[in-house]
>>> print(open('data_9.pdb').read())   # PDB, C-alpha atoms and all ligand atoms
ATOM      1  CA  MET A  20     -30.329 -18.664  10.568
ATOM      2  CA  PRO A  21     -26.684 -19.868  10.807
ATOM      3  CA  ASP A  22     -24.134 -17.709  12.636
ATOM      4  CA  ASN A  23     -22.482 -15.164  10.376
ATOM      5  CA  TYR A  24     -19.710 -13.458  12.302
ATOM      6  CA  ALA A  25     -15.927 -13.026  12.223
ATOM      7  CA  SER A  26     -14.194 -14.905  15.044
ATOM      8  CA  THR A  27     -11.580 -12.115  15.344
ATOM      9  CA  THR A  28     -11.095  -8.730  13.690
ATOM     10  CA  LEU A  29      -8.281 -10.343  11.673
ATOM     11  CA  HIS A  30     -10.962 -12.194   9.703
ATOM     12  CA  ALA A  31     -12.359  -8.832   8.589
ATOM     13  CA  ILE A  32      -9.261  -8.269   6.412
ATOM     14  CA  GLY A  33      -9.806  -8.472   2.644
ATOM     15  CA  ASN A  34     -12.841  -8.991   0.391
ATOM     16  CA  THR A  35     -12.934  -5.254  -0.290
ATOM     17  CA  PRO A  36     -15.314  -3.700  -2.860
ATOM     18  CA  LEU A  37     -14.261  -3.112  -6.474
ATOM     19  CA  VAL A  38     -15.985  -0.001  -7.828
ATOM     20  CA  ARG A  39     -16.303   1.366 -11.364
ATOM     21  CA  LEU A  40     -15.493   5.052 -11.818
ATOM     22  CA  ASN A  41     -18.391   6.900 -13.404
ATOM     23  CA  GLN A  42     -17.795  10.664 -13.293
ATOM     24  CA  ILE A  43     -14.113  11.332 -13.870
ATOM     25  CA  VAL A  44     -13.230   8.992 -16.721
ATOM     26  CA  PRO A  45     -12.719  11.005 -19.948
ATOM     27  CA  PRO A  46     -14.898  10.090 -22.971
ATOM     28  CA  ASN A  47     -13.618   7.371 -25.331
ATOM     29  CA  SER A  48     -11.680   5.700 -22.545
ATOM     30  CA  ALA A  49     -11.464   2.192 -21.147
ATOM     31  CA  GLU A  50     -13.540   1.388 -18.061
ATOM     32  CA  VAL A  51     -11.666   2.060 -14.819
ATOM     33  CA  PHE A  52     -12.208   0.078 -11.615
ATOM     34  CA  VAL A  53     -10.798   0.908  -8.196
ATOM     35  CA  LYS A  54     -10.371  -1.630  -5.397
ATOM     36  CA  LEU A  55     -11.360   0.187  -2.199
ATOM     37  CA  GLU A  56      -8.700  -1.071   0.162
ATOM     38  CA  TYR A  57      -9.696   1.386   2.874
ATOM     39  CA  TYR A  58     -12.437  -1.107   3.755
ATOM     40  CA  ASN A  59      -9.774  -3.131   5.587
ATOM     41  CA  PRO A  60      -9.945  -2.847   9.418
ATOM     42  CA  THR A  61      -7.265  -0.131   9.805
ATOM     43  CA  GLY A  62      -8.274   1.617   6.578
ATOM     44  CA  SER A  63      -5.349   0.429   4.448
ATOM     45  CA  TYR A  64      -4.215  -2.470   2.261
ATOM     46  CA  LYS A  65      -1.292  -2.917   4.638
ATOM     47  CA  ASP A  66      -3.527  -5.064   6.890
ATOM     48  CA  ARG A  67      -3.162  -7.837   4.321
ATOM     49  CA  MET A  68       0.635  -7.800   4.401
ATOM     50  CA  ALA A  69       0.923  -7.356   8.176
ATOM     51  CA  LEU A  70      -1.187 -10.467   8.748
ATOM     52  CA  ALA A  71       0.743 -12.463   6.133
ATOM     53  CA  MET A  72       4.155 -11.472   7.569
ATOM     54  CA  ILE A  73       3.157 -12.286  11.168
ATOM     55  CA  GLU A  74       1.437 -15.578  10.344
ATOM     56  CA  GLU A  75       4.278 -16.803   8.110
ATOM     57  CA  ALA A  76       6.768 -15.950  10.906
ATOM     58  CA  GLU A  77       4.616 -17.897  13.370
ATOM     59  CA  ARG A  78       4.462 -20.867  10.982
ATOM     60  CA  SER A  79       8.239 -20.875  10.461
ATOM     61  CA  GLY A  80       8.854 -20.618  14.221
ATOM     62  CA  ALA A  81      10.785 -17.326  13.895
ATOM     63  CA  LEU A  82       8.101 -15.514  15.921
ATOM     64  CA  LYS A  83       7.050 -17.072  19.228
ATOM     65  CA  PRO A  84       4.690 -15.924  21.998
ATOM     66  CA  GLY A  85       6.242 -13.244  24.208
ATOM     67  CA  MET A  86       8.534 -11.884  21.499
ATOM     68  CA  THR A  87       8.462  -8.202  20.479
ATOM     69  CA  VAL A  88       7.810  -7.376  16.826
ATOM     70  CA  VAL A  89       9.990  -4.549  15.371
ATOM     71  CA  GLU A  90       9.458  -2.591  12.126
ATOM     72  CA  CYS A  91      10.276   0.779  10.603
ATOM     73  CA  THR A  92       7.383   2.402   8.799
ATOM     74  CA  GLY A  93       5.765   5.596   7.665
ATOM     75  CA  GLY A  94       2.757   4.582   9.657
ATOM     76  CA  SER A  95       0.506   2.516   7.387
ATOM     77  CA  THR A  96       2.363  -0.749   7.807
ATOM     78  CA  GLY A  97       2.956   0.240  11.420
ATOM     79  CA  THR A  98      -0.754   0.739  12.042
ATOM     80  CA  SER A  99      -1.546  -2.621  10.435
ATOM     81  CA  LEU A 100       1.201  -4.406  12.371
ATOM     82  CA  ALA A 101       0.129  -2.680  15.598
ATOM     83  CA  PHE A 102      -3.413  -3.924  14.945
ATOM     84  CA  VAL A 103      -2.369  -7.520  14.165
ATOM     85  CA  CYS A 104       0.055  -7.569  17.144
ATOM     86  CA  ALA A 105      -2.683  -6.215  19.457
ATOM     87  CA  VAL A 106      -5.064  -9.014  18.457
ATOM     88  CA  LYS A 107      -2.371 -11.694  18.701
ATOM     89  CA  GLY A 108      -0.806 -10.326  21.928
ATOM     90  CA  TYR A 109       2.703  -9.376  20.712
ATOM     91  CA  PRO A 110       4.354  -6.143  21.942
ATOM     92  CA  PHE A 111       5.224  -3.968  18.912
ATOM     93  CA  GLN A 112       8.102  -1.475  18.687
ATOM     94  CA  VAL A 113       7.937   0.844  15.681
ATOM     95  CA  VAL A 114      10.528   3.233  14.237
ATOM     96  CA  THR A 115       8.773   6.081  12.428
ATOM     97  CA  SER A 116       9.104   9.820  11.755
ATOM     98  CA  ASP A 117       7.334  13.158  12.127
ATOM     99  CA  ALA A 118       7.340  13.324   8.288
ATOM    100  CA  PHE A 119       4.265  11.098   8.298
ATOM    101  CA  ALA A 120       0.638  11.891   9.073
ATOM    102  CA  LYS A 121      -0.105  12.539  12.753
ATOM    103  CA  GLU A 122      -3.177  10.352  12.480
ATOM    104  CA  LYS A 123      -1.003   7.355  11.629
ATOM    105  CA  LEU A 124       1.305   7.923  14.607
ATOM    106  CA  GLN A 125      -1.687   8.344  16.923
ATOM    107  CA  THR A 126      -3.369   5.223  15.572
ATOM    108  CA  MET A 127      -0.257   3.132  16.161
ATOM    109  CA  ARG A 128      -0.241   4.378  19.763
ATOM    110  CA  ALA A 129      -3.945   3.578  20.082
ATOM    111  CA  PHE A 130      -3.212  -0.052  19.148
ATOM    112  CA  GLY A 131      -0.567  -0.121  21.909
ATOM    113  CA  ALA A 132       2.628   0.291  19.832
ATOM    114  CA  ASP A 133       5.824   1.744  21.318
ATOM    115  CA  LEU A 134       6.982   4.536  18.932
ATOM    116  CA  VAL A 135      10.592   5.601  18.252
ATOM    117  CA  ILE A 136      10.451   8.876  16.253
ATOM    118  CA  ILE A 137      13.244   9.891  13.857
ATOM    119  CA  ALA A 138      13.147  13.685  13.275
ATOM    120  CA  SER A 139      12.674  14.691   9.613
ATOM    121  CA  GLU A 140      13.921  17.806   7.793
ATOM    122  CA  GLY A 141      10.876  20.072   7.876
ATOM    123  CA  GLY A 142       8.369  17.211   7.589
ATOM    124  CA  LYS A 143       9.735  16.069   4.191
ATOM    125  CA  ILE A 144      10.572  12.560   3.052
ATOM    126  CA  THR A 145      14.210  13.254   2.113
ATOM    127  CA  PRO A 146      16.308  10.476   0.511
ATOM    128  CA  ASP A 147      18.101   9.804   3.829
ATOM    129  CA  LEU A 148      15.026   9.479   6.015
ATOM    130  CA  ILE A 149      13.963   5.885   5.301
ATOM    131  CA  PRO A 150      17.570   4.540   5.428
ATOM    132  CA  SER A 151      18.087   6.141   8.869
ATOM    133  CA  MET A 152      14.773   4.697  10.099
ATOM    134  CA  ARG A 153      15.813   1.288   8.801
ATOM    135  CA  GLU A 154      19.171   1.485  10.534
ATOM    136  CA  LYS A 155      17.480   2.273  13.854
ATOM    137  CA  ALA A 156      15.073  -0.660  13.425
ATOM    138  CA  ARG A 157      17.991  -2.955  12.604
ATOM    139  CA  GLN A 158      19.754  -1.866  15.806
ATOM    140  CA  LEU A 159      16.615  -2.482  17.889
ATOM    141  CA  SER A 160      16.124  -5.898  16.309
ATOM    142  CA  GLU A 161      19.539  -7.020  17.579
ATOM    143  CA  THR A 162      17.985  -7.290  21.046
ATOM    144  CA  ILE A 163      17.160 -10.873  22.054
ATOM    145  CA  GLY A 164      13.457 -11.689  21.977
ATOM    146  CA  THR A 165      12.658  -9.413  19.025
ATOM    147  CA  TYR A 166      11.408 -10.284  15.546
ATOM    148  CA  PHE A 167      12.047  -7.761  12.723
ATOM    149  CA  THR A 168       9.310  -8.129  10.113
ATOM    150  CA  ASP A 169      11.593  -6.222   7.667
ATOM    151  CA  GLN A 170       8.770  -5.333   5.257
ATOM    152  CA  ILE A 171      11.173  -4.111   2.588
ATOM    153  CA  ASN A 172      12.843  -7.511   2.174
ATOM    154  CA  ASN A 173      10.042  -9.791   3.358
ATOM    155  CA  PRO A 174       8.557 -11.789   0.447
ATOM    156  CA  ASN A 175       5.657 -12.946   2.667
ATOM    157  CA  SER A 176       4.086  -9.525   2.192
ATOM    158  CA  MET A 177       3.409 -10.497  -1.438
ATOM    159  CA  LYS A 178       1.408 -13.525  -0.257
ATOM    160  CA  GLY A 179      -0.935 -11.166   1.576
ATOM    161  CA  TYR A 180      -1.264  -8.886  -1.456
ATOM    162  CA  SER A 181      -1.830 -11.688  -3.956
ATOM    163  CA  ARG A 182      -5.332 -11.890  -2.539
ATOM    164  CA  ILE A 183      -6.044  -8.409  -3.980
ATOM    165  CA  GLY A 184      -5.302  -9.845  -7.424
ATOM    166  CA  GLN A 185      -7.344 -12.996  -6.803
ATOM    167  CA  GLU A 186     -10.304 -10.962  -5.550
ATOM    168  CA  ILE A 187     -10.161  -8.619  -8.593
ATOM    169  CA  LEU A 188     -10.303 -11.632 -10.919
ATOM    170  CA  GLN A 189     -13.297 -13.004  -9.016
ATOM    171  CA  GLN A 190     -15.024  -9.600  -9.090
ATOM    172  CA  LEU A 191     -14.576  -9.016 -12.839
ATOM    173  CA  ASP A 192     -15.835 -11.433 -15.455
ATOM    174  CA  ARG A 193     -13.453 -10.106 -18.129
ATOM    175  CA  PRO A 194      -9.709  -9.748 -18.706
ATOM    176  CA  VAL A 195      -7.882  -6.872 -17.011
ATOM    177  CA  ASP A 196      -5.873  -5.040 -19.693
ATOM    178  CA  ALA A 197      -3.815  -2.855 -17.360
ATOM    179  CA  PHE A 198      -3.163  -2.644 -13.647
ATOM    180  CA  CYS A 199      -1.167   0.206 -12.094
ATOM    181  CA  GLY A 200       0.052   1.009  -8.609
ATOM    182  CA  GLY A 201       2.543   3.207  -6.760
ATOM    183  CA  VAL A 202       5.663   1.483  -5.512
ATOM    184  CA  GLY A 203       6.934   1.653  -1.955
ATOM    185  CA  THR A 204       8.152  -1.801  -0.958
ATOM    186  CA  ALA A 205       6.532  -2.991  -4.259
ATOM    187  CA  GLY A 206       4.784  -5.733  -2.250
ATOM    188  CA  MET A 207       1.319  -4.779  -3.504
ATOM    189  CA  LEU A 208       2.270  -4.489  -7.190
ATOM    190  CA  MET A 209       4.317  -7.693  -7.155
ATOM    191  CA  GLY A 210       1.670  -9.638  -5.208
ATOM    192  CA  VAL A 211      -1.110  -8.606  -7.608
ATOM    193  CA  SER A 212       1.100  -9.233 -10.636
ATOM    194  CA  ARG A 213       1.893 -12.749  -9.387
ATOM    195  CA  ALA A 214      -1.808 -13.510  -8.848
ATOM    196  CA  PHE A 215      -2.608 -12.322 -12.385
ATOM    197  CA  ARG A 216       0.239 -14.393 -13.880
ATOM    198  CA  GLU A 217      -0.893 -17.489 -11.963
ATOM    199  CA  ALA A 218      -4.353 -16.971 -13.463
ATOM    200  CA  HIS A 219      -2.745 -16.696 -16.955
ATOM    201  CA  GLN A 220      -3.795 -13.075 -17.394
ATOM    202  CA  THR A 221      -1.765 -10.998 -19.840
ATOM    203  CA  THR A 222      -2.408  -7.784 -17.899
ATOM    204  CA  ARG A 223       0.075  -4.949 -18.482
ATOM    205  CA  ILE A 224       1.522  -4.079 -15.046
ATOM    206  CA  ILE A 225       2.587  -0.458 -14.557
ATOM    207  CA  ALA A 226       4.703   0.701 -11.601
ATOM    208  CA  LEU A 227       4.208   4.320 -10.509
ATOM    209  CA  GLU A 228       6.378   6.822  -8.667
ATOM    210  CA  PRO A 229       6.246  10.564  -7.875
ATOM    211  CA  ALA A 230       7.587  12.726 -10.750
ATOM    212  CA  SER A 231       9.827  14.646  -8.337
ATOM    213  CA  ALA A 232      11.562  11.442  -7.172
ATOM    214  CA  PRO A 233      11.943   9.406 -10.392
ATOM    215  CA  LEU A 234      14.379   6.822  -9.037
ATOM    216  CA  LEU A 235      12.901   3.802 -10.821
ATOM    217  CA  SER A 236      12.450   5.535 -14.178
ATOM    218  CA  THR A 237      15.613   7.667 -14.369
ATOM    219  CA  GLY A 238      17.776   6.701 -11.372
ATOM    220  CA  THR A 239      17.390  10.233  -9.943
ATOM    221  CA  ARG A 240      16.568  10.598  -6.267
ATOM    222  CA  GLY A 241      14.326  13.393  -5.076
ATOM    223  CA  THR A 242      12.008  14.747  -2.431
ATOM    224  CA  HIS A 243       8.228  14.386  -2.345
ATOM    225  CA  THR A 244       5.318  14.086   0.080
ATOM    226  CA  VAL A 245       3.407  11.074  -1.277
ATOM    227  CA  GLU A 246       3.377   8.879   1.817
ATOM    228  CA  GLY A 247       4.147   5.201   1.289
ATOM    229  CA  ILE A 248       5.830   5.349  -2.124
ATOM    230  CA  GLY A 249       9.118   6.679  -3.555
ATOM    231  CA  ILE A 250      11.213   5.332  -0.680
ATOM    232  CA  GLY A 251      14.599   6.529  -2.011
ATOM    233  CA  MET A 252      15.847   3.097  -3.079
ATOM    234  CA  VAL A 253      14.920   0.383  -5.568
ATOM    235  CA  PRO A 254      12.880  -1.961  -3.365
ATOM    236  CA  PRO A 255      14.315  -5.490  -3.249
ATOM    237  CA  LEU A 256      10.868  -7.056  -3.888
ATOM    238  CA  LEU A 257      10.511  -5.222  -7.233
ATOM    239  CA  SER A 258      11.272  -7.853  -9.848
ATOM    240  CA  ASN A 259      11.695  -6.868 -13.508
ATOM    241  CA  ASP A 260       9.900 -10.065 -14.518
ATOM    242  CA  PHE A 261       6.678  -8.940 -12.882
ATOM    243  CA  TYR A 262       6.074  -5.461 -14.293
ATOM    244  CA  ASP A 263       6.138  -3.997 -17.787
ATOM    245  CA  GLU A 264       6.694  -0.271 -17.359
ATOM    246  CA  VAL A 265       7.364   2.551 -14.875
ATOM    247  CA  ARG A 266       5.515   5.854 -15.097
ATOM    248  CA  THR A 267       5.848   9.029 -13.059
ATOM    249  CA  VAL A 268       2.896  11.063 -11.819
ATOM    250  CA  ASP A 269       2.982  14.702 -10.805
ATOM    251  CA  GLU A 270       2.239  15.019  -7.103
ATOM    252  CA  THR A 271       0.043  18.106  -7.528
ATOM    253  CA  GLU A 272      -2.143  16.188  -9.991
ATOM    254  CA  ALA A 273      -2.282  13.241  -7.589
ATOM    255  CA  ARG A 274      -3.500  15.505  -4.801
ATOM    256  CA  GLN A 275      -6.096  17.158  -7.062
ATOM    257  CA  MET A 276      -7.267  13.708  -8.134
ATOM    258  CA  ALA A 277      -7.680  12.575  -4.498
ATOM    259  CA  ARG A 278      -9.917  15.625  -3.878
ATOM    260  CA  MET A 279     -11.831  15.034  -7.097
ATOM    261  CA  LEU A 280     -12.386  11.372  -6.217
ATOM    262  CA  ALA A 281     -14.026  12.381  -2.948
ATOM    263  CA  LYS A 282     -16.207  15.092  -4.529
ATOM    264  CA  THR A 283     -17.361  13.212  -7.604
ATOM    265  CA  GLU A 284     -17.112   9.475  -6.974
ATOM    266  CA  GLY A 285     -17.429   9.410  -3.170
ATOM    267  CA  ILE A 286     -14.028   7.763  -2.866
ATOM    268  CA  PHE A 287     -12.311   9.294   0.172
ATOM    269  CA  ALA A 288      -8.695   8.143  -0.034
ATOM    270  CA  GLY A 289      -5.069   9.237   0.382
ATOM    271  CA  ILE A 290      -2.476  10.838  -1.899
ATOM    272  CA  SER A 291      -1.027   7.607  -3.283
ATOM    273  CA  SER A 292      -4.573   6.576  -4.245
ATOM    274  CA  GLY A 293      -4.966   9.865  -6.149
ATOM    275  CA  LEU A 294      -1.675   9.109  -7.874
ATOM    276  CA  ASN A 295      -2.857   5.601  -8.819
ATOM    277  CA  VAL A 296      -6.113   6.901 -10.288
ATOM    278  CA  THR A 297      -4.325   9.696 -12.210
ATOM    279  CA  ALA A 298      -2.252   7.046 -13.990
ATOM    280  CA  ALA A 299      -5.254   4.721 -14.423
ATOM    281  CA  LEU A 300      -7.195   7.473 -16.267
ATOM    282  CA  GLN A 301      -4.183   8.123 -18.509
ATOM    283  CA  LEU A 302      -3.993   4.400 -19.330
ATOM    284  CA  ALA A 303      -7.757   4.294 -19.932
ATOM    285  CA  GLN A 304      -7.463   7.080 -22.501
ATOM    286  CA  GLU A 305      -4.594   5.319 -24.241
ATOM    287  CA  LEU A 306      -6.372   1.932 -24.340
ATOM    288  CA  GLY A 307      -9.797   3.276 -25.322
ATOM    289  CA  PRO A 308     -13.310   1.774 -25.134
ATOM    290  CA  GLY A 309     -13.711  -1.974 -24.725
ATOM    291  CA  HIS A 310     -10.744  -2.240 -22.380
ATOM    292  CA  THR A 311     -10.433  -2.516 -18.613
ATOM    293  CA  VAL A 312      -8.018  -0.741 -16.276
ATOM    294  CA  VAL A 313      -7.817  -1.519 -12.551
ATOM    295  CA  THR A 314      -6.026   0.204  -9.687
ATOM    296  CA  VAL A 315      -6.345   0.445  -5.935
ATOM    297  CA  ALA A 316      -7.339   3.076  -3.370
ATOM    298  CA  CYS A 317      -4.560   2.188  -0.916
ATOM    299  CA  ASP A 318      -5.922   3.835   2.190
ATOM    300  CA  SER A 319      -8.532   6.114   3.676
ATOM    301  CA  GLY A 320      -8.627   9.903   3.449
ATOM    302  CA  MET A 321      -9.291   9.857   7.203
ATOM    303  CA  LYS A 322      -5.549   9.274   7.654
ATOM    304  CA  TYR A 323      -4.793  12.660   6.061
ATOM    305  CA  LEU A 324      -7.302  15.001   7.680
ATOM    306  CA  SER A 325      -4.718  16.950   9.687
ATOM    307  CA  GLY A 326      -2.455  17.511   6.648
ATOM    308  CA  SER A 327      -2.874  19.787   3.635
ATOM    309  CA  LEU A 328      -4.563  17.255   1.313
ATOM    310  CA  TYR A 329      -8.132  18.076   2.271
ATOM    311  CA  THR A 330      -7.657  21.611   3.619
ATOM    312  CA  ASN A 331      -6.187  23.397   0.547
TER     313      ASN A 331
HETATM  314  C1  LIG S   1      -0.511   4.978   1.544
HETATM  315  C2  LIG S   1       0.385   4.016   0.826
HETATM  316  N1  LIG S   1       0.301   3.926  -0.507
HETATM  317  C3  LIG S   1       1.111   3.100  -1.215
HETATM  318  C4  LIG S   1       2.066   2.309  -0.589
HETATM  319  C5  LIG S   1       2.967   1.426  -1.406
HETATM  320  O1  LIG S   1       2.700   0.052  -1.228
HETATM  321  P1  LIG S   1       3.854  -1.022  -1.362
HETATM  322  O2  LIG S   1       4.773  -0.879  -0.183
HETATM  323  O3  LIG S   1       3.166  -2.354  -1.347
HETATM  324  O4  LIG S   1       4.588  -0.781  -2.640
HETATM  325  C6  LIG S   1       2.172   2.379   0.793
HETATM  326  C7  LIG S   1       3.190   1.596   1.503
HETATM  327  O5  LIG S   1       3.573   1.927   2.627
HETATM  328  C8  LIG S   1       1.315   3.249   1.523
HETATM  329  O6  LIG S   1       1.398   3.371   2.862
END
>>> encode(input="data_9.pdb", output="structure tokens")
Amino acid sequence: MPDNYASTTLHAIGNTPLVRLNQIVPPNSAEVFVKLEYYNPTGSYKDRMALAMIEEAERSGALKPGMTVVECTGGSTGTSLAFVCAVKGYPFQVVTSDAFAKEKLQTMRAFGADLVIIASEGGKITPDLIPSMREKARQLSETIGTYFTDQINNPNSMKGYSRIGQEILQQLDRPVDAFCGGVGTAGMLMGVSRAFREAHQTTRIIALEPASAPLLSTGTRGTHTVEGIGIGMVPPLLSNDFYDEVRTVDETEARQMARMLAKTEGIFAGISSGLNVTAALQLAQELGPGHTVVTVACDSGMKYLSGSLYTN
């Protein structure tokens, strides 16, 4: 039998399962498929973008052996970057906050990252939090020998995420009528949208945000606790040419959906995944039978065990 192994854990990124929802889709709806991105090594789709950002920086010569990688993150990107940096041997300095899940902060430490914590107001993601984290990361990245991955402005993240789109098209032998996803940096939504466009799909692309922070849909800033999305600014990677519509989703419904997904479909994921599926079911009802809606489960429910998501 020939060898069948991954030469490093980085090769275990991607090729995640695409699963059809069976229990929670209302009657007379389109079929709904969810790409289970928690099958990536750190339990999140961010592994794809972390690898793409680091490898593109290596290729361009901006990142060289011995340099320290710097980023500001709520913890998912940080965990993925900490993982990629650990395997490749780069020190990693991460600006984060106590507003984000403890598990994420602990995991970054486990992968050897050096954490700089910005204190939040009562554990909430207020509109000022991400800008102050970014400012701190920018200051740190002025030190010689550092490389700031700058996820919010880095178009290489989309290269990593395009593979989600390519894999979906390989996994489904039919057109995808609608694809929806919550927007943080917008890297995932834009990467998937680009892959679909390159494959000449006419998929309707729907950007999602928390209803209490409807910045993209109404220009109003607000507070919420959906980690990873609703970052208090229009992300530079979000291009009007690559999405068709923005919708808001109520955070309470998103949380209920995450719990329902675990209990009925065996999908154990985070809050943003619950938000994605809430919108996907709405789209499925609108489109009706004979159509196909796809979304993603961004990360694993394991990252949220110490919070209120799975205790209430
Ligand atoms: C859990 C989670 N969901 C959704 C997102 C949004 O993804 P993107 O930044 O690609 O828009 C993130 C990003 O940090 C995240 O951590």
>>> resolve_selection(input="data_9.pdb", expression="the PyMOL selection byres (((chain A and resi 190-206) around 7) and not hetatm)", output="PyMOL selection string")
chain A and resi 171+176-177+180+186-189+207-210+220+222-228+247-250+254+256-257+291+295+299+310-315
>>> axis_aligned_box(input="data_9.pdb", around="ligand LIG 1 (chain S)", padding_each_side="4 Å", output="JSON")
{"center_x": 2.1, "center_y": 1.3, "center_z": 0.1, "size_x": 13.3, "size_y": 15.3, "size_z": 13.5}
>>> resolve_selection(input="data_9.pdb", expression="the PyMOL selection byres (((chain A and resi 276-279) around 9) and not hetatm)", output="list of chain:residue names")
A:Ile43, A:Thr271, A:Glu272, A:Ala273, A:Arg274, A:Gln275, A:Leu280, A:Ala281, A:Lys282, A:Thr283, A:Glu284, A:Gly285, A:Ile286, A:Phe287, A:Ala288, A:Gly289, A:Ile290, A:Ser291, A:Ser292, A:Gly293, A:Leu294, A:Val296, A:Thr297, A:Gly320, A:Leu328, A:Tyr329
>>> write_last_selection(input="data_9.pdb", atoms="C-alpha atoms", output="mmCIF file, in the coordinates of the input")
data_model
loop_
_atom_site.group_PDB
_atom_site.id
_atom_site.type_symbol
_atom_site.label_atom_id
_atom_site.label_comp_id
_atom_site.auth_asym_id
_atom_site.auth_seq_id
_atom_site.Cartn_x
_atom_site.Cartn_y
_atom_site.Cartn_z
ATOM 1 C CA ILE A 43 -14.113 11.332 -13.870
ATOM 2 C CA THR A 271 0.043 18.106 -7.528
ATOM 3 C CA GLU A 272 -2.143 16.188 -9.991
ATOM 4 C CA ALA A 273 -2.282 13.241 -7.589
ATOM 5 C CA ARG A 274 -3.500 15.505 -4.801
ATOM 6 C CA GLN A 275 -6.096 17.158 -7.062
ATOM 7 C CA LEU A 280 -12.386 11.372 -6.217
ATOM 8 C CA ALA A 281 -14.026 12.381 -2.948
ATOM 9 C CA LYS A 282 -16.207 15.092 -4.529
ATOM 10 C CA THR A 283 -17.361 13.212 -7.604
ATOM 11 C CA GLU A 284 -17.112 9.475 -6.974
ATOM 12 C CA GLY A 285 -17.429 9.410 -3.170
ATOM 13 C CA ILE A 286 -14.028 7.763 -2.866
ATOM 14 C CA PHE A 287 -12.311 9.294 0.172
ATOM 15 C CA ALA A 288 -8.695 8.143 -0.034
ATOM 16 C CA GLY A 289 -5.069 9.237 0.382
ATOM 17 C CA ILE A 290 -2.476 10.838 -1.899
ATOM 18 C CA SER A 291 -1.027 7.607 -3.283
ATOM 19 C CA SER A 292 -4.573 6.576 -4.245
ATOM 20 C CA GLY A 293 -4.966 9.865 -6.149
ATOM 21 C CA LEU A 294 -1.675 9.109 -7.874
ATOM 22 C CA VAL A 296 -6.113 6.901 -10.288
ATOM 23 C CA THR A 297 -4.325 9.696 -12.210
ATOM 24 C CA GLY A 320 -8.627 9.903 3.449
ATOM 25 C CA LEU A 328 -4.563 17.255 1.313
ATOM 26 C CA TYR A 329 -8.132 18.076 2.271
#
>>> resolve_selection(input="data_9.pdb", expression="the PyMOL selection byres (((chain A and resi 251) around 10) and not hetatm)", output="mmCIF file with C-alpha atoms, in the coordinates of the input")
data_model
loop_
_atom_site.group_PDB
_atom_site.id
_atom_site.type_symbol
_atom_site.label_atom_id
_atom_site.label_comp_id
_atom_site.auth_asym_id
_atom_site.auth_seq_id
_atom_site.Cartn_x
_atom_site.Cartn_y
_atom_site.Cartn_z
ATOM 1 C CA ILE A 144 10.572 12.560 3.052
ATOM 2 C CA THR A 145 14.210 13.254 2.113
ATOM 3 C CA PRO A 146 16.308 10.476 0.511
ATOM 4 C CA ASP A 147 18.101 9.804 3.829
ATOM 5 C CA LEU A 148 15.026 9.479 6.015
ATOM 6 C CA ILE A 149 13.963 5.885 5.301
ATOM 7 C CA PRO A 150 17.570 4.540 5.428
ATOM 8 C CA GLY A 203 6.934 1.653 -1.955
ATOM 9 C CA ALA A 232 11.562 11.442 -7.172
ATOM 10 C CA PRO A 233 11.943 9.406 -10.392
ATOM 11 C CA LEU A 234 14.379 6.822 -9.037
ATOM 12 C CA LEU A 235 12.901 3.802 -10.821
ATOM 13 C CA GLY A 238 17.776 6.701 -11.372
ATOM 14 C CA THR A 239 17.390 10.233 -9.943
ATOM 15 C CA ARG A 240 16.568 10.598 -6.267
ATOM 16 C CA GLY A 241 14.326 13.393 -5.076
ATOM 17 C CA THR A 242 12.008 14.747 -2.431
ATOM 18 C CA ILE A 248 5.830 5.349 -2.124
ATOM 19 C CA GLY A 249 9.118 6.679 -3.555
ATOM 20 C CA ILE A 250 11.213 5.332 -0.680
ATOM 21 C CA MET A 252 15.847 3.097 -3.079
ATOM 22 C CA VAL A 253 14.920 0.383 -5.568
ATOM 23 C CA PRO A 254 12.880 -1.961 -3.365
#
>>> atom_distance(input="data_9.pdb", atom1="atom CA of A:Ala132", atom2="atom CA of A:Glu90")
10.7 Å
>>> atom_distance(input="data_9.pdb", atom1="atom CA of A:Ser116", atom2="atom CA of A:Thr244")
13.0 Å
>>> residues_around(input="data_9.pdb", residues="A:Ala214", least_positions_apart="5", cutoff="6 Å", atoms="all atoms listed in the file", output="list in words")
Ser181, Gly184 and Gln185 of chain A
>>> residues_around(input="data_9.pdb", residues="stretch 96-111 of chain A", least_positions_apart="5", cutoff="10 Å", atoms="all atoms listed in the file", output="ChimeraX atom specification")
/A:27-29,59-74,82-91,122-134,165-168,170,247
>>> closest_residue(input="data_9.pdb", among="A:Ser48, A:Asn23, A:Thr35, A:Asn173", to="ligand LIG 1 (chain S)", atoms="only C-alpha atoms and all ligand atoms")
A:Asn173
>>> atom_distance(input="data_9.pdb", atom1="atom CA of A:Asp269", atom2="atom CA of A:Leu306")
20.8 Å
>>> residues_around(input="data_9.pdb", residues="A:Pro45", least_positions_apart="4", cutoff="12 Å", atoms="all atoms listed in the file", output="PyMOL selection string")
chain A and resi 40-41+49-51+297+299-308
>>> closest_residue(input="data_9.pdb", among="A:Val44, A:Ser258, A:Ile137, A:Ala316", to="A:Tyr58", atoms="only C-alpha atoms")
A:Ala316
